[in-house]
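J.: The structure that follows is given in the form of structure tokens.
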Amino acid sequence: MDQLLAIRAFARVVEAGNFTRAADSIDMPNATLSKLVQDLEAHLGVKLLQRTTRRVTVTPEGQDYYAKTARLLNDLEDVDASFNAAHGKPRGRLRIDVGGSTARDVLIPLLPDFIARYPEIRIELGVSDRSIDLIGDNVDCVIRGGVPNNATLVARPVGHAVMVTCASPAYLKQYGVPAYPLELQNGHRLVNYISTQNNRAVPFRFRHNGEKTEIKGEHQVGVNESNAHLAACLAGLGIIQTFTYAAGPALRSGALVEILEKWRPPPYPFSVIYPQNRYVARRLRVFIDWLVEVFPSKLADGAGA
């Protein structure tokens, strides 16, 4: 038995929650991974995992073994990383997940700079607004807006986006221009962004002279993807709140008009999020440091639109 490989296989099952996702994450046949874990259990003389047809449960002995071997694996990764740092540039595959408009308007325009700095890192970009299971989906990090609420993940701030309330000229001609936020609840159509975390409409938020207002009006159209959310506004379906980096070109061309300028929402925080208990490879470290360097100014792009 290759004990180190078996320990790594066992750790991936614990982190992924089942054998299939663990095997996929390390490009190993399911049967091979299962045999490695069985051999490890036989070697130790204890049951590490309880298997049923539907789920895998880590035994108390398995939890103890995982906690102790995870430290060893991290130490080994640190040793390897120190040699890689001394003898070459970071390399390998980096899997990143990011929301639709943030990918289109912020990250992708910046990526040529990152690739020029680190040509041996291969980027695999997942673009969606849905919630991601970083371990189960084998994603190195996600870039998300809002306040992180998962204590098992590490969230490093990468800047704040400016938000605007806007609508198309055709919509405003038909329904009028609201002068105050509360007017949105009377005779106006809202296109709400639907959170993929809880399937609820994100309320419209406003701030003026330190006073905050929140509108939870009924929407006729709700959208759970940021590019489609903007497209709904451009089509005249109603009023939206979105980021200036996404709406900026349409605002500058006149395809959209900002309304309630004095009540712009508070700046919206963004973070890069990655697993707390997983070793942070050098390729991920340099990517995160690069984000912290270049992301803030691009997030605020279009703020004066």
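Naming works like this for the structure tokens: A, B, ... for the chains as they're shown, residue 1 at the start of each chain, ligands 1 onward in shown order.
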Give me, as an NGL selection string, all polymer residues having an atom no more than 12 Å from Leu111 of chain A, counting only C-alpha atoms and skipping those fewer than 2 positions away in the same chain.
T.: :A and (103-109 or 113-119 or 121-125 or 287 or 290-291 or 294-295 or 298)
J.: Name the residues in contact with His160 of chain A at a cut-off of 6 Å, using only C-alpha atoms, excluding same-chain residues fewer than 4 positions from it; report them as an MDAnalysis selection string.
T.: chainID A and resid 267:270
J.: Keeping only N, CA, C and O atoms, write the selected residues to a file as an mmCIF file, in the first residue's frame.
T.:
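And here's part.cif as it stands now:
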```
data_model
loop_
_atom_site.group_PDB
_atom_site.id
_atom_site.type_symbol
_atom_site.label_atom_id
_atom_site.label_comp_id
_atom_site.auth_asym_id
_atom_site.auth_seq_id
_atom_site.Cartn_x
_atom_site.Cartn_y
_atom_site.Cartn_z
ATOM 1 N N PRO A 267 -21.536 51.229 -0.404
ATOM 2 C CA PRO A 267 -20.596 50.402 -1.172
ATOM 3 C C PRO A 267 -20.753 48.927 -0.825
ATOM 4 O O PRO A 267 -21.003 48.563 0.328
ATOM 5 N N TYR A 268 -20.599 48.077 -1.847
ATOM 6 C CA TYR A 268 -20.867 46.643 -1.696
ATOM 7 C C TYR A 268 -19.545 45.884 -1.624
ATOM 8 O O TYR A 268 -18.748 45.922 -2.561
ATOM 9 N N PRO A 269 -19.281 45.173 -0.516
ATOM 10 C CA PRO A 269 -17.979 44.524 -0.352
ATOM 11 C C PRO A 269 -17.851 43.248 -1.188
ATOM 12 O O PRO A 269 -18.817 42.511 -1.390
ATOM 13 N N PHE A 270 -16.631 43.001 -1.666
ATOM 14 C CA PHE A 270 -16.303 41.763 -2.371
ATOM 15 C C PHE A 270 -15.152 41.069 -1.653
ATOM 16 O O PHE A 270 -14.286 41.721 -1.062
#
```
J.: Which is closest to Gly146 of chain A among A:Leu76, A:Ala161, A:Ala231, A:Ala250, if we use only C-alpha atoms?
T.: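 Looking only at the distances to Gly146 of chain A, the closest residue turns out to be A:Ala161.
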J.: Would you kindly return, as an mmCIF file with N, CA and C atoms, in the first residue's frame, each protein, DNA or RNA residue with an atom no farther than 9 Å from any atom of Asn199 of chain A, considering only C-alpha atoms and excluding same-chain residues fewer than 4 positions away?
T.:
```cif
data_model
loop_
_atom_site.group_PDB
_atom_site.id
_atom_site.type_symbol
_atom_site.label_atom_id
_atom_site.label_comp_id
_atom_site.auth_asym_id
_atom_site.auth_seq_id
_atom_site.Cartn_x
_atom_site.Cartn_y
_atom_site.Cartn_z
ATOM 1 N N ILE A 194 -32.569 37.752 -7.583
ATOM 2 C CA ILE A 194 -32.933 36.651 -6.695
ATOM 3 C C ILE A 194 -31.654 35.958 -6.231
ATOM 4 N N SER A 195 -31.411 35.970 -4.938
ATOM 5 C CA SER A 195 -30.222 35.337 -4.388
ATOM 6 C C SER A 195 -30.262 33.828 -4.589
ATOM 7 N N ASN A 224 -31.999 35.564 -11.358
ATOM 8 C CA ASN A 224 -30.961 35.081 -10.447
ATOM 9 C C ASN A 224 -29.570 35.048 -11.068
#
```
J.: I'd like the contact shell of Tyr245 of chain A - 9 Å cut-off, only C-alpha atoms, skipping same-chain residues fewer than 2 positions apart - returned as a ChimeraX atom specification.
T.: /A:101-102,105-106,161-163,242-243,247-249,298-303
J.: My list of candidates is A:Val257, A:Val272, A:Met28, A:Ile239. Which is closest to Val158 of chain A when distances are computed with only C-alpha atoms?
T.: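 Checking each of A:Val257, A:Val272, A:Met28, A:Ile239 against Val158 of chain A, counting only C-alpha atoms, the winner is A:Val272.
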J.: What does the distance from atom CA of Pro203 of chain A to atom CA of Leu184 of chain A come to in Å, to one decimal?
T.: 11.6 Å
J.: Give me, as an NGL selection string, the residues of segment 57-302 of chain A that a backbone DSSP run labels strand (DSSP E).
T.: :A and (57-58 or 92-98 or 121-127 or 141-145 or 153-161 or 163-167 or 191-193 or 204-208 or 211-215 or 221-223 or 240-243 or 257-259 or 268-275)
J.: Would you mind reading off the distance between atom CA of Gln63 of chain A and atom CA of Ala151 of chain A, one decimal, in Å?
T.: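 About the pair atom CA of Gln63 of chain A and atom CA of Ala151 of chain A: they are 18.8 Å apart.
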J.: Residues near Ser25 of chain A, anyone? I mean within 10 Å using only C-alpha atoms, not counting same-chain ones fewer than 5 positions away, as a ChimeraX atom specification.
T.: /A:12-13,16,19-20,135-139
J.: So that I can check the surroundings of Gln220 of chain A, please list as a ChimeraX atom specification every protein, DNA and RNA residue that reaches within 7 Å of it, counting only C-alpha atoms and ignoring chain neighbours fewer than 3 positions away.
T.: /A:189-191
J.: Excluding Arg283 of chain A and residues on its chain fewer than 4 positions from it, collect all residues at most 9 Å away from it, counting only C-alpha atoms, and give them as a PyMOL selection string.
T.: chain A and resi 89-94+118+121+287-288
J.: What separation in Å, quoted to one decimal, exists between atom CA of Gly159 of chain A and atom CA of Gly210 of chain A?
T.: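 So the answer is 21.1 Å.
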J.: Could you tell me which of A:Ala9, A:Arg95, A:Asn192, A:His43 comes closest to Asp27 of chain A if we count only C-alpha atoms?
T.: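 Distance minimum relative to Asp27 of chain A lands on A:Ala9.
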